[in-house]
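Chemist: Data file start_18.cif (mmCIF, C-alpha atoms and all ligand atoms) is appended below.
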```cif
data_input
loop_
_atom_site.label_atom_id
_atom_site.label_comp_id
_atom_site.auth_asym_id
_atom_site.auth_seq_id
_atom_site.Cartn_x
_atom_site.Cartn_y
_atom_site.Cartn_z
CA MET A 1266 0.00 0.00 0.00
CA ARG A 1267 0.96 3.66 -0.14
CA GLY A 1268 1.45 5.76 2.99
CA ALA A 1269 3.01 9.04 4.09
CA VAL A 1270 6.32 8.86 5.94
CA PHE A 1271 7.70 11.77 7.94
CA TYR A 1272 11.46 12.10 7.43
CA GLY A 1273 12.13 15.42 9.12
CA PRO A 1274 11.18 19.08 9.05
CA GLY A 1275 9.78 19.96 5.63
CA ASP A 1276 10.14 16.37 4.40
CA VAL A 1277 7.12 14.07 4.11
CA ARG A 1278 7.02 11.46 1.34
CA CYS A 1279 4.39 9.12 -0.01
CA GLU A 1280 5.99 5.68 -0.20
CA THR A 1281 5.15 2.03 -0.72
CA LEU A 1282 4.76 0.40 2.70
CA ASP A 1283 3.81 -3.06 3.96
CA ASP A 1284 0.06 -3.62 4.22
CA PRO A 1285 -1.04 -3.50 7.87
CA LYS A 1286 -2.03 -6.82 9.44
CA ILE A 1287 -4.09 -7.88 12.42
CA LEU A 1288 -1.52 -8.16 15.23
CA GLU A 1289 -3.83 -8.50 18.24
CA PRO A 1290 -7.27 -10.13 18.48
CA THR A 1291 -8.60 -6.66 19.39
CA ASP A 1292 -7.37 -5.06 16.12
CA ALA A 1293 -9.17 -4.19 12.93
CA VAL A 1294 -7.76 -3.16 9.58
CA ILE A 1295 -9.67 -0.56 7.60
CA LYS A 1296 -9.43 0.62 4.01
CA THR A 1297 -9.14 4.40 4.21
CA ALA A 1298 -12.08 6.30 2.71
CA VAL A 1299 -10.50 9.72 3.31
CA THR A 1300 -7.80 11.01 5.67
CA CYS A 1301 -6.19 14.39 6.28
CA ILE A 1302 -3.37 16.51 7.65
CA CYS A 1303 -3.64 17.99 11.15
CA GLY A 1304 -2.36 21.34 12.35
CA SER A 1305 -0.55 19.38 15.06
CA ASP A 1306 1.43 17.54 12.33
CA LEU A 1307 2.89 20.95 11.44
CA TRP A 1308 4.80 21.34 14.72
CA ARG A 1309 7.27 18.68 13.54
CA TRP A 1310 7.17 19.91 9.92
CA ARG A 1311 8.28 23.30 11.26
CA ASP A 1312 10.99 21.77 13.46
CA LEU A 1313 9.22 22.92 16.63
CA GLU A 1314 8.90 19.44 18.11
CA PRO A 1315 11.56 16.73 18.51
CA PHE A 1316 11.29 13.65 16.29
CA GLY A 1317 13.24 10.43 15.96
CA ALA A 1318 13.71 8.17 12.97
CA ALA A 1319 11.56 8.38 9.84
CA GLN A 1320 8.05 7.22 10.69
CA PRO A 1321 4.54 6.96 9.22
CA VAL A 1322 2.26 9.85 10.05
CA GLY A 1323 -1.42 10.80 10.37
CA HIS A 1324 -4.08 10.26 13.02
CA GLU A 1325 -7.40 11.13 11.37
CA TYR A 1326 -9.47 8.64 9.40
CA VAL A 1327 -12.76 7.22 8.23
CA GLY A 1328 -12.89 4.03 6.26
CA PHE A 1329 -14.33 0.64 5.44
CA VAL A 1330 -13.67 -2.31 7.71
CA GLU A 1331 -11.48 -4.76 5.82
CA GLU A 1332 -10.75 -7.35 8.50
CA VAL A 1333 -11.30 -7.76 12.25
CA GLY A 1334 -9.50 -9.69 14.98
CA SER A 1335 -11.19 -12.59 16.76
CA GLU A 1336 -12.33 -10.45 19.72
CA VAL A 1337 -13.92 -7.69 17.63
CA THR A 1338 -17.69 -8.09 17.33
CA ALA A 1339 -18.88 -4.47 17.29
CA VAL A 1340 -18.02 -3.89 13.63
CA ARG A 1341 -17.81 -6.19 10.61
CA PRO A 1342 -16.10 -6.12 7.22
CA GLY A 1343 -17.69 -3.76 4.72
CA GLN A 1344 -19.04 -1.30 7.30
CA PHE A 1345 -18.17 2.40 7.11
CA VAL A 1346 -16.56 3.44 10.39
CA VAL A 1347 -15.42 6.54 12.24
CA GLY A 1348 -12.87 6.38 15.05
CA SER A 1349 -10.84 8.59 17.34
CA PHE A 1350 -7.19 9.63 17.02
CA ALA A 1351 -6.76 8.00 20.45
CA THR A 1352 -7.95 4.40 20.63
CA SER A 1353 -9.86 3.13 23.64
CA ASP A 1354 -11.39 -0.12 24.89
CA ASN A 1355 -14.45 1.86 26.04
CA THR A 1356 -14.80 -0.41 29.09
CA CYS A 1357 -12.03 0.51 31.59
CA ALA A 1358 -12.66 2.75 34.61
CA THR A 1359 -11.29 5.83 32.84
CA CYS A 1360 -13.40 5.21 29.71
CA ARG A 1361 -16.51 4.70 31.85
CA TYR A 1362 -15.73 8.02 33.55
CA GLY A 1363 -15.88 9.58 30.09
CA TYR A 1364 -12.19 10.09 29.42
CA THR A 1365 -11.83 7.65 26.55
CA SER A 1366 -8.74 9.46 25.25
CA HIS A 1367 -7.00 8.49 28.50
CA CYS A 1368 -8.02 4.83 28.30
CA VAL A 1369 -5.70 2.48 30.20
CA HIS A 1370 -5.19 0.64 26.88
CA ARG A 1371 -4.90 3.81 24.81
CA GLU A 1372 -2.74 3.87 21.72
CA PHE A 1373 -2.44 7.07 19.70
CA MET A 1374 -3.00 6.61 15.98
CA SER A 1375 0.01 7.54 13.88
CA THR A 1376 -0.19 5.74 10.53
CA CYS A 1377 -3.38 7.13 9.01
CA GLN A 1378 -2.17 9.02 5.94
CA ALA A 1379 -2.23 5.71 4.08
CA ASP A 1380 -4.38 3.37 1.98
CA TYR A 1381 -4.98 0.93 4.87
CA ILE A 1382 -4.82 1.43 8.64
CA ARG A 1383 -4.50 -0.95 11.58
CA ILE A 1384 -6.84 0.13 14.40
CA PRO A 1385 -5.89 -1.15 17.88
CA ASN A 1386 -8.73 -1.52 20.43
CA ALA A 1387 -11.14 -1.65 17.48
CA GLN A 1388 -14.06 -2.93 19.55
CA GLY A 1389 -14.17 0.22 21.65
CA THR A 1390 -12.75 2.67 19.14
CA LEU A 1391 -14.75 2.27 15.93
CA VAL A 1392 -18.34 3.37 15.43
CA ALA A 1393 -20.12 2.18 12.27
CA THR A 1394 -22.75 4.15 10.39
CA GLU A 1395 -26.05 2.36 9.69
CA GLU A 1396 -25.34 2.36 5.99
CA VAL A 1397 -22.50 3.62 3.84
CA PRO A 1398 -22.98 7.40 3.88
CA ASP A 1399 -23.06 9.49 0.73
CA GLN A 1400 -19.57 10.75 -0.13
CA ALA A 1401 -20.73 14.30 0.58
CA PHE A 1402 -20.71 13.39 4.29
CA TRP A 1403 -17.25 11.87 4.36
CA PRO A 1404 -15.36 15.12 5.09
CA GLY A 1405 -17.72 15.97 7.95
CA LEU A 1406 -17.38 12.49 9.45
CA LEU A 1407 -13.61 12.64 8.99
CA ALA A 1408 -13.54 15.90 10.96
CA LEU A 1409 -15.08 14.01 13.89
CA SER A 1410 -12.02 11.77 14.28
CA ASP A 1411 -10.13 14.75 15.68
CA VAL A 1412 -10.83 18.44 15.00
CA MET A 1413 -14.60 18.53 15.52
CA GLY A 1414 -14.38 16.23 18.55
CA THR A 1415 -11.61 18.46 19.86
CA GLY A 1416 -13.67 21.62 19.36
CA TRP A 1417 -16.54 19.90 21.17
CA TRP A 1418 -14.25 19.01 24.07
CA ALA A 1419 -12.96 22.59 24.20
CA ALA A 1420 -16.55 23.76 24.68
CA GLU A 1421 -17.17 21.15 27.39
CA ALA A 1422 -13.88 21.89 29.17
CA ALA A 1423 -14.53 25.65 29.04
CA GLN A 1424 -18.06 25.00 30.37
CA VAL A 1425 -19.93 26.80 27.59
CA ARG A 1426 -23.57 27.08 28.63
CA PRO A 1427 -26.72 28.46 27.03
CA GLY A 1428 -26.29 32.24 26.96
CA SER A 1429 -22.54 32.14 27.53
CA THR A 1430 -20.16 34.72 26.21
CA THR A 1431 -17.41 32.68 24.62
CA VAL A 1432 -14.00 33.53 23.22
CA VAL A 1433 -12.26 31.22 20.76
CA VAL A 1434 -8.49 31.76 20.60
CA GLY A 1435 -7.27 30.41 17.26
CA ASP A 1436 -8.80 30.29 13.80
CA GLY A 1437 -7.34 27.00 12.55
CA ALA A 1438 -9.55 23.98 11.91
CA VAL A 1439 -9.91 23.25 15.66
CA GLY A 1440 -10.77 26.87 16.45
CA LEU A 1441 -13.38 26.87 13.70
CA CYS A 1442 -14.82 23.62 15.05
CA GLY A 1443 -14.79 25.28 18.48
CA VAL A 1444 -17.07 27.94 17.02
CA ILE A 1445 -19.46 25.23 15.75
CA ALA A 1446 -19.39 23.61 19.19
CA ALA A 1447 -19.90 26.85 21.13
CA LYS A 1448 -22.94 27.62 18.99
CA GLU A 1449 -24.39 24.12 19.50
CA TRP A 1450 -23.79 24.40 23.24
CA GLY A 1451 -25.88 27.58 23.24
CA ALA A 1452 -23.32 30.38 23.46
CA GLU A 1453 -25.00 33.70 22.79
CA ARG A 1454 -21.89 35.59 21.88
CA ILE A 1455 -18.89 33.98 20.17
CA ILE A 1456 -15.82 36.19 19.88
CA VAL A 1457 -13.17 34.71 17.59
CA MET A 1458 -9.59 35.94 17.72
CA SER A 1459 -8.55 35.80 14.07
CA ARG A 1460 -6.48 37.95 11.83
CA HIS A 1461 -6.64 35.83 8.69
CA GLU A 1462 -9.36 36.93 6.32
CA THR A 1463 -9.71 33.48 4.75
CA ARG A 1464 -10.57 32.08 8.19
CA GLN A 1465 -12.83 34.90 9.33
CA LYS A 1466 -15.35 33.98 6.67
CA PRO A 1467 -15.91 30.39 7.82
CA ALA A 1468 -15.81 31.58 11.46
CA LEU A 1469 -18.72 33.94 10.77
CA GLU A 1470 -20.52 31.24 8.79
CA PHE A 1471 -20.18 28.82 11.73
CA GLY A 1472 -21.63 31.33 14.21
CA ALA A 1473 -18.98 33.84 15.32
CA THR A 1474 -20.62 37.11 16.40
CA ASP A 1475 -17.44 39.21 16.81
CA LEU A 1476 -13.93 39.08 15.40
CA VAL A 1477 -10.88 40.35 17.25
CA THR A 1478 -7.86 40.87 15.02
CA GLU A 1479 -5.50 42.17 17.70
CA ARG A 1480 -3.14 39.84 19.58
CA GLY A 1481 -1.33 39.87 22.91
CA ASP A 1482 -2.21 42.67 25.35
CA GLU A 1483 -4.15 44.52 22.65
CA GLY A 1484 -6.22 41.43 21.96
CA ILE A 1485 -6.96 40.99 25.67
CA ALA A 1486 -7.92 44.67 25.96
CA ARG A 1487 -10.28 44.30 23.01
CA VAL A 1488 -12.02 41.26 24.56
CA LEU A 1489 -12.39 43.12 27.85
CA GLU A 1490 -13.85 46.06 25.97
CA LEU A 1491 -16.38 43.74 24.30
CA THR A 1492 -17.35 42.13 27.61
CA GLY A 1493 -17.95 45.21 29.75
CA GLY A 1494 -14.46 45.03 31.28
CA ILE A 1495 -15.19 41.63 32.87
CA GLY A 1496 -13.95 38.98 30.45
CA ALA A 1497 -15.69 36.02 28.84
CA ASP A 1498 -17.50 33.19 30.64
CA ALA A 1499 -15.82 30.49 28.59
CA VAL A 1500 -12.60 30.60 26.56
CA LEU A 1501 -11.48 27.92 24.11
CA GLU A 1502 -7.68 27.87 23.69
CA CYS A 1503 -7.09 26.21 20.32
CA VAL A 1504 -3.49 27.17 19.50
CA GLY A 1505 -0.93 25.95 22.05
CA THR A 1506 1.54 28.83 22.12
CA ASN A 1507 2.39 30.76 25.27
CA GLN A 1508 0.91 33.93 23.81
CA ALA A 1509 -2.38 32.16 23.04
CA MET A 1510 -2.54 30.69 26.54
CA GLN A 1511 -1.91 34.05 28.23
CA GLN A 1512 -4.50 35.60 25.94
CA ALA A 1513 -7.00 32.91 26.94
CA LEU A 1514 -6.35 33.19 30.68
CA ARG A 1515 -6.54 36.97 30.74
CA SER A 1516 -9.67 37.11 28.58
CA THR A 1517 -11.62 34.96 31.05
CA ARG A 1518 -13.83 36.43 33.77
CA PRO A 1519 -13.34 35.50 37.43
CA GLY A 1520 -15.23 32.23 37.83
CA GLY A 1521 -14.97 31.46 34.13
CA SER A 1522 -13.09 28.57 32.55
CA VAL A 1523 -10.55 27.94 29.84
CA GLY A 1524 -10.69 24.76 27.76
CA ILE A 1525 -7.19 23.93 26.55
CA VAL A 1526 -7.02 21.90 23.36
CA GLY A 1527 -4.03 23.45 21.60
CA VAL A 1528 -1.13 21.17 22.50
CA PRO A 1529 1.04 23.44 24.71
CA HIS A 1530 4.49 24.26 23.39
CA GLU A 1531 6.69 26.25 25.78
CA VAL A 1532 3.69 27.48 27.72
CA GLU A 1533 4.48 28.86 31.18
CA LEU A 1534 1.79 29.47 33.75
CA ASP A 1535 2.28 31.83 36.69
CA GLY A 1536 0.88 30.01 39.72
CA LEU A 1537 0.20 33.17 41.68
CA GLU A 1538 -1.58 34.84 38.79
CA LEU A 1539 -3.62 31.69 38.22
CA PHE A 1540 -4.53 31.51 41.93
CA HIS A 1541 -5.75 35.09 42.04
CA SER A 1542 -7.55 34.90 38.69
CA HIS A 1543 -10.34 32.56 39.86
CA VAL A 1544 -10.16 31.02 36.40
CA GLY A 1545 -10.66 27.28 35.93
CA LEU A 1546 -8.47 25.31 33.55
CA ARG A 1547 -9.09 21.95 31.95
CA GLY A 1548 -7.59 20.44 28.83
CA GLY A 1549 -5.95 17.48 27.21
CA PRO A 1550 -6.53 15.21 24.24
CA ALA A 1551 -10.25 15.23 23.47
CA PRO A 1552 -12.36 12.22 24.53
CA VAL A 1553 -13.58 12.00 20.95
CA ARG A 1554 -14.95 8.46 21.25
CA ARG A 1555 -17.49 9.54 23.87
CA TYR A 1556 -18.89 12.14 21.46
CA LEU A 1557 -18.93 10.06 18.26
CA PRO A 1558 -22.52 8.74 18.30
CA GLU A 1559 -23.97 12.21 18.97
CA LEU A 1560 -21.67 14.04 16.56
CA MET A 1561 -22.21 11.46 13.79
CA ASN A 1562 -25.95 12.13 14.09
CA LEU A 1563 -25.38 15.89 13.91
CA VAL A 1564 -23.28 15.51 10.76
CA LEU A 1565 -25.52 12.96 9.02
CA SER A 1566 -28.62 15.04 9.75
CA GLY A 1567 -26.90 18.10 8.26
CA ARG A 1568 -27.16 20.02 11.52
CA ILE A 1569 -23.42 20.75 11.63
CA GLU A 1570 -20.99 20.89 8.70
CA PRO A 1571 -17.46 20.59 10.10
CA GLY A 1572 -16.36 19.17 6.72
CA LYS A 1573 -16.24 22.78 5.56
CA VAL A 1574 -12.90 23.21 7.35
CA PHE A 1575 -11.32 21.26 4.47
CA ASP A 1576 -10.51 23.83 1.83
CA GLN A 1577 -8.03 21.72 -0.11
CA THR A 1578 -8.33 18.16 -1.42
CA LEU A 1579 -5.33 16.28 -2.76
CA PRO A 1580 -4.57 12.72 -3.80
CA LEU A 1581 -2.51 10.86 -1.18
CA GLU A 1582 0.58 10.94 -3.47
CA GLU A 1583 0.64 14.73 -3.13
CA VAL A 1584 0.69 14.67 0.67
CA ALA A 1585 3.85 16.84 0.80
CA GLU A 1586 2.10 19.62 -1.08
CA GLY A 1587 -0.68 19.46 1.53
CA TYR A 1588 1.82 20.03 4.34
CA ARG A 1589 3.36 22.94 2.43
CA ALA A 1590 -0.03 24.50 1.74
CA MET A 1591 -1.06 24.31 5.40
CA ASP A 1592 2.33 25.55 6.58
CA GLU A 1593 2.12 28.54 4.25
CA ARG A 1594 -1.53 29.13 5.23
CA ARG A 1595 -2.71 28.57 1.68
CA ALA A 1596 -5.00 25.91 3.14
CA ILE A 1597 -6.83 25.69 6.46
CA LYS A 1598 -6.93 21.90 6.37
CA THR A 1599 -6.07 19.43 3.63
CA LEU A 1600 -8.12 16.34 2.90
CA LEU A 1601 -6.27 13.40 1.33
CA LYS A 1602 -7.90 10.89 -1.00
CA PRO A 1603 -6.32 7.44 -1.27
ZN ZN A 1701 -10.55 2.35 28.46
#
```
Could you rewrite the structure in this file as structure tokens?
Ligand SMILES: [Zn+2]
Modeler:
Amino acid sequence: MRGAVFYGPGDVRCETLDDPKILEPTDAVIKTAVTCICGSDLWRWRDLEPFGAAQPVGHEYVGFVEEVGSEVTAVRPGQFVVGSFATSDNTCATCRYGYTSHCVHREFMSTCQADYIRIPNAQGTLVATEEVPDQAFWPGLLALSDVMGTGWWAAEAAQVRPGSTTVVVGDGAVGLCGVIAAKEWGAERIIVMSRHETRQKPALEFGATDLVTERGDEGIARVLELTGGIGADAVLECVGTNQAMQQALRSTRPGGSVGIVGVPHEVELDGLELFHSHVGLRGGPAPVRRYLPELMNLVLSGRIEPGKVFDQTLPLEEVAEGYRAMDERRAIKTLLKP
């Protein structure tokens, strides 16, 4: 089969790889329907995250079940399935508490930009649709395997409630999905911090009510101005830089919460400032699996359209061009077709 291999900063290649096999009785192998490139893949592309030897890459997927291990009964060959970037058995104490992305048997997916994918913990991880969905729904369902589930988690972690004033820090695919989530969770006002025109349009389409183009102290001042000097009830941090985190913390009202879904890179929190802020923090990899049944219904009923975050589609062979386009902000998010 063909699959993307990450060699180093600025170097991803589509190569011929061994077909994945069932290694454990709890595995499945799926034939990729569509996959994509994640903003988090760009940290390594930009040499901002350490990496070891050349390795396959990609953690987002939807596909057709090809083969299942002897202990997998929840899905069968031929079914169209959606799964999370973090696999889970869906039965352990942590899964039952709702934190499927912290499952005691968790394995992070990392080989998904490929024709076929081995899915560990398939029984708990994969959710099948009733029938094979029309191709028009594939991008939206693909978004659920990470970015839309992550936006949903950001809204939960930030405790967005009906009537909330919400700030979304970040206008990448996760930030945009955070806007969709905040709207679904009932936020009345959704302030998006975005200075890229190409991303402001989808943000407004998804439900943003205000755009703040300033950053840093000016951005914080602008949010305070928009919220009567108090700050927002709920803030979704969807970037991961120190500046974004400080912006999120200082844009939140006393008693409000920040949902952290941007993977932190060199973020430093001041304990004393945090203590006196009365701001709640929660974050981490999104428990996507918990949300899948509900979010799949929202996509298949046409209620939400997270597939709109894909503004570039490329064949798998051109994966490197997808990375370049996202790195250079010519694309928000690139969908790959095997
Ligand atoms: Zn578990």
Chemist: Would you kindly return, as an MDAnalysis selection string, each protein, DNA or RNA residue with an atom no farther than 8 Å from any atom of Arg1341 (chain A), considering all atoms listed in the file and excluding same-chain residues fewer than 4 positions away?
Modeler: chainID A and resid 1330 1332:1333
Chemist: Against region 1515-1524 of chain A, which residues of region 1343-1427 of chain A fall within 12 Å? For each one I want the closest pair of atoms and the distance in Å (one decimal), counting all atoms listed in the file, rows by chain and increasing residue number, as CSV.
Modeler:
```
residue,atom,partner,partner_atom,distance
A:Thr1415,CA,A:Gly1524,CA,10.1
A:Gly1416,CA,A:Gly1524,CA,9.4
A:Trp1417,CA,A:Gly1524,CA,10.1
A:Trp1418,CA,A:Gly1524,CA,7.7
A:Ala1419,CA,A:Gly1524,CA,4.7
A:Ala1420,CA,A:Gly1524,CA,6.7
A:Glu1421,CA,A:Gly1524,CA,7.4
A:Ala1422,CA,A:Gly1524,CA,4.5
A:Ala1423,CA,A:Gly1524,CA,4.1
A:Gln1424,CA,A:Ser1522,CA,6.5
A:Val1425,CA,A:Ser1522,CA,8.6
A:Arg1426,CA,A:Gly1521,CA,11.1
```
Chemist: Tell me which protein, DNA and RNA residues are within 12 Å of Tyr1556 (chain A), counting only C-alpha atoms, leaving out same-chain ones fewer than 3 positions away, and put them as a PDB file with C-alpha atoms, keeping the file's coordinate frame.
Modeler:
```pdb
ATOM      1  CA  VAL A1347     -15.420   6.540  12.240  1.00  0.00           C
ATOM      2  CA  GLY A1348     -12.870   6.380  15.050  1.00  0.00           C
ATOM      3  CA  SER A1349     -10.840   8.590  17.340  1.00  0.00           C
ATOM      4  CA  GLY A1363     -15.880   9.580  30.090  1.00  0.00           C
ATOM      5  CA  TYR A1364     -12.190  10.090  29.420  1.00  0.00           C
ATOM      6  CA  THR A1365     -11.830   7.650  26.550  1.00  0.00           C
ATOM      7  CA  SER A1366      -8.740   9.460  25.250  1.00  0.00           C
ATOM      8  CA  THR A1390     -12.750   2.670  19.140  1.00  0.00           C
ATOM      9  CA  VAL A1392     -18.340   3.370  15.430  1.00  0.00           C
ATOM     10  CA  LEU A1409     -15.080  14.010  13.890  1.00  0.00           C
ATOM     11  CA  SER A1410     -12.020  11.770  14.280  1.00  0.00           C
ATOM     12  CA  ASP A1411     -10.130  14.750  15.680  1.00  0.00           C
ATOM     13  CA  MET A1413     -14.600  18.530  15.520  1.00  0.00           C
ATOM     14  CA  GLY A1414     -14.380  16.230  18.550  1.00  0.00           C
ATOM     15  CA  THR A1415     -11.610  18.460  19.860  1.00  0.00           C
ATOM     16  CA  GLY A1416     -13.670  21.620  19.360  1.00  0.00           C
ATOM     17  CA  TRP A1417     -16.540  19.900  21.170  1.00  0.00           C
ATOM     18  CA  TRP A1418     -14.250  19.010  24.070  1.00  0.00           C
ATOM     19  CA  GLU A1421     -17.170  21.150  27.390  1.00  0.00           C
ATOM     20  CA  ALA A1446     -19.390  23.610  19.190  1.00  0.00           C
ATOM     21  CA  ALA A1551     -10.250  15.230  23.470  1.00  0.00           C
ATOM     22  CA  PRO A1552     -12.360  12.220  24.530  1.00  0.00           C
ATOM     23  CA  VAL A1553     -13.580  12.000  20.950  1.00  0.00           C
ATOM     24  CA  GLU A1559     -23.970  12.210  18.970  1.00  0.00           C
ATOM     25  CA  LEU A1560     -21.670  14.040  16.560  1.00  0.00           C
ATOM     26  CA  MET A1561     -22.210  11.460  13.790  1.00  0.00           C
ATOM     27  CA  ASN A1562     -25.950  12.130  14.090  1.00  0.00           C
ATOM     28  CA  LEU A1563     -25.380  15.890  13.910  1.00  0.00           C
TER      29      LEU A1563
END
```
Chemist: Rounded to one decimal place, report the CA of Pro1315 (chain A)-CA of Tyr1381 (chain A) distance in Å.
Modeler: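 Between CA of Pro1315 (chain A) and CA of Tyr1381 (chain A) the gap works out to 26.6 Å.
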Chemist: Using all atoms listed in the file, find each protein or nucleic acid residue lying at most 7 Å from ligand ZN 1701 (chain A); present the set as an MDAnalysis selection string.
Modeler: chainID A and resid 1353:1360 1365 1368:1371
Chemist: For those residues, write C-alpha atoms to a file as an mmCIF file, keeping the file's coordinate frame.
Modeler:
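Saved result, result_22.cif, follows:
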```cif
data_model
loop_
_atom_site.group_PDB
_atom_site.id
_atom_site.type_symbol
_atom_site.label_atom_id
_atom_site.label_comp_id
_atom_site.auth_asym_id
_atom_site.auth_seq_id
_atom_site.Cartn_x
_atom_site.Cartn_y
_atom_site.Cartn_z
ATOM 1 C CA SER A 1353 -9.860 3.130 23.640
ATOM 2 C CA ASP A 1354 -11.390 -0.120 24.890
ATOM 3 C CA ASN A 1355 -14.450 1.860 26.040
ATOM 4 C CA THR A 1356 -14.800 -0.410 29.090
ATOM 5 C CA CYS A 1357 -12.030 0.510 31.590
ATOM 6 C CA ALA A 1358 -12.660 2.750 34.610
ATOM 7 C CA THR A 1359 -11.290 5.830 32.840
ATOM 8 C CA CYS A 1360 -13.400 5.210 29.710
ATOM 9 C CA THR A 1365 -11.830 7.650 26.550
ATOM 10 C CA CYS A 1368 -8.020 4.830 28.300
ATOM 11 C CA VAL A 1369 -5.700 2.480 30.200
ATOM 12 C CA HIS A 1370 -5.190 0.640 26.880
ATOM 13 C CA ARG A 1371 -4.900 3.810 24.810
#
```
Chemist: Taking all atoms listed in the file into account, name the residue in A:Gly1317, A:Gly1472, A:Gly1437, A:Gly1548 that is nearest to Asp1576 (chain A).
Modeler: A:Gly1437
Chemist: Complete region 1293-1313 of chain A at the level of N, CA and C atoms, written as a PDB file, in the coordinates of the input.
Modeler:
```pdb
ATOM      1  N   ALA A1293      -8.499  -4.112  14.226  1.00  0.00           N
ATOM      2  CA  ALA A1293      -9.170  -4.190  12.930  1.00  0.00           C
ATOM      3  C   ALA A1293      -8.241  -3.547  11.919  1.00  0.00           C
ATOM      4  N   VAL A1294      -8.434  -3.885  10.663  1.00  0.00           N
ATOM      5  CA  VAL A1294      -7.760  -3.160   9.580  1.00  0.00           C
ATOM      6  C   VAL A1294      -8.860  -2.525   8.741  1.00  0.00           C
ATOM      7  N   ILE A1295      -8.691  -1.237   8.451  1.00  0.00           N
ATOM      8  CA  ILE A1295      -9.670  -0.560   7.600  1.00  0.00           C
ATOM      9  C   ILE A1295      -9.011  -0.072   6.316  1.00  0.00           C
ATOM     10  N   LYS A1296      -9.852   0.025   5.273  1.00  0.00           N
ATOM     11  CA  LYS A1296      -9.430   0.620   4.010  1.00  0.00           C
ATOM     12  C   LYS A1296      -9.843   2.085   4.102  1.00  0.00           C
ATOM     13  N   THR A1297      -8.882   2.973   4.002  1.00  0.00           N
ATOM     14  CA  THR A1297      -9.140   4.400   4.210  1.00  0.00           C
ATOM     15  C   THR A1297     -10.131   4.936   3.172  1.00  0.00           C
ATOM     16  N   ALA A1298     -11.171   5.608   3.640  1.00  0.00           N
ATOM     17  CA  ALA A1298     -12.080   6.300   2.710  1.00  0.00           C
ATOM     18  C   ALA A1298     -11.472   7.669   2.394  1.00  0.00           C
ATOM     19  N   VAL A1299     -11.242   8.464   3.441  1.00  0.00           N
ATOM     20  CA  VAL A1299     -10.500   9.720   3.310  1.00  0.00           C
ATOM     21  C   VAL A1299      -9.714   9.939   4.601  1.00  0.00           C
ATOM     22  N   THR A1300      -8.609  10.674   4.496  1.00  0.00           N
ATOM     23  CA  THR A1300      -7.800  11.010   5.670  1.00  0.00           C
ATOM     24  C   THR A1300      -7.362  12.471   5.493  1.00  0.00           C
ATOM     25  N   CYS A1301      -6.533  12.973   6.387  1.00  0.00           N
ATOM     26  CA  CYS A1301      -6.190  14.390   6.280  1.00  0.00           C
ATOM     27  C   CYS A1301      -4.935  14.731   7.070  1.00  0.00           C
ATOM     28  N   ILE A1302      -4.539  15.993   6.937  1.00  0.00           N
ATOM     29  CA  ILE A1302      -3.370  16.510   7.650  1.00  0.00           C
ATOM     30  C   ILE A1302      -3.856  17.386   8.784  1.00  0.00           C
ATOM     31  N   CYS A1303      -3.217  17.238   9.952  1.00  0.00           N
ATOM     32  CA  CYS A1303      -3.640  17.990  11.150  1.00  0.00           C
ATOM     33  C   CYS A1303      -2.683  19.141  11.399  1.00  0.00           C
ATOM     34  N   GLY A1304      -3.214  20.222  11.945  1.00  0.00           N
ATOM     35  CA  GLY A1304      -2.360  21.340  12.350  1.00  0.00           C
ATOM     36  C   GLY A1304      -1.265  20.868  13.287  1.00  0.00           C
ATOM     37  N   SER A1305      -1.563  19.849  14.113  1.00  0.00           N
ATOM     38  CA  SER A1305      -0.550  19.380  15.060  1.00  0.00           C
ATOM     39  C   SER A1305       0.594  18.651  14.344  1.00  0.00           C
ATOM     40  N   ASP A1306       0.341  18.146  13.113  1.00  0.00           N
ATOM     41  CA  ASP A1306       1.430  17.540  12.330  1.00  0.00           C
ATOM     42  C   ASP A1306       2.454  18.609  11.918  1.00  0.00           C
ATOM     43  N   LEU A1307       2.016  19.872  11.918  1.00  0.00           N
ATOM     44  CA  LEU A1307       2.890  20.950  11.440  1.00  0.00           C
ATOM     45  C   LEU A1307       3.974  21.332  12.443  1.00  0.00           C
ATOM     46  N   TRP A1308       3.760  20.996  13.732  1.00  0.00           N
ATOM     47  CA  TRP A1308       4.800  21.340  14.720  1.00  0.00           C
ATOM     48  C   TRP A1308       6.111  20.687  14.309  1.00  0.00           C
ATOM     49  N   ARG A1309       6.047  19.399  13.949  1.00  0.00           N
ATOM     50  CA  ARG A1309       7.270  18.680  13.540  1.00  0.00           C
ATOM     51  C   ARG A1309       7.762  19.176  12.179  1.00  0.00           C
ATOM     52  N   TRP A1310       6.812  19.404  11.257  1.00  0.00           N
ATOM     53  CA  TRP A1310       7.170  19.910   9.920  1.00  0.00           C
ATOM     54  C   TRP A1310       7.970  21.201  10.052  1.00  0.00           C
ATOM     55  N   ARG A1311       7.606  22.013  11.056  1.00  0.00           N
ATOM     56  CA  ARG A1311       8.280  23.300  11.260  1.00  0.00           C
ATOM     57  C   ARG A1311       9.474  23.206  12.198  1.00  0.00           C
ATOM     58  N   ASP A1312       9.851  22.003  12.569  1.00  0.00           N
ATOM     59  CA  ASP A1312      10.990  21.770  13.460  1.00  0.00           C
ATOM     60  C   ASP A1312      10.772  22.389  14.838  1.00  0.00           C
ATOM     61  N   LEU A1313       9.525  22.364  15.317  1.00  0.00           N
ATOM     62  CA  LEU A1313       9.220  22.920  16.630  1.00  0.00           C
ATOM     63  C   LEU A1313       8.949  21.809  17.650  1.00  0.00           C
TER      64      LEU A1313
END
```
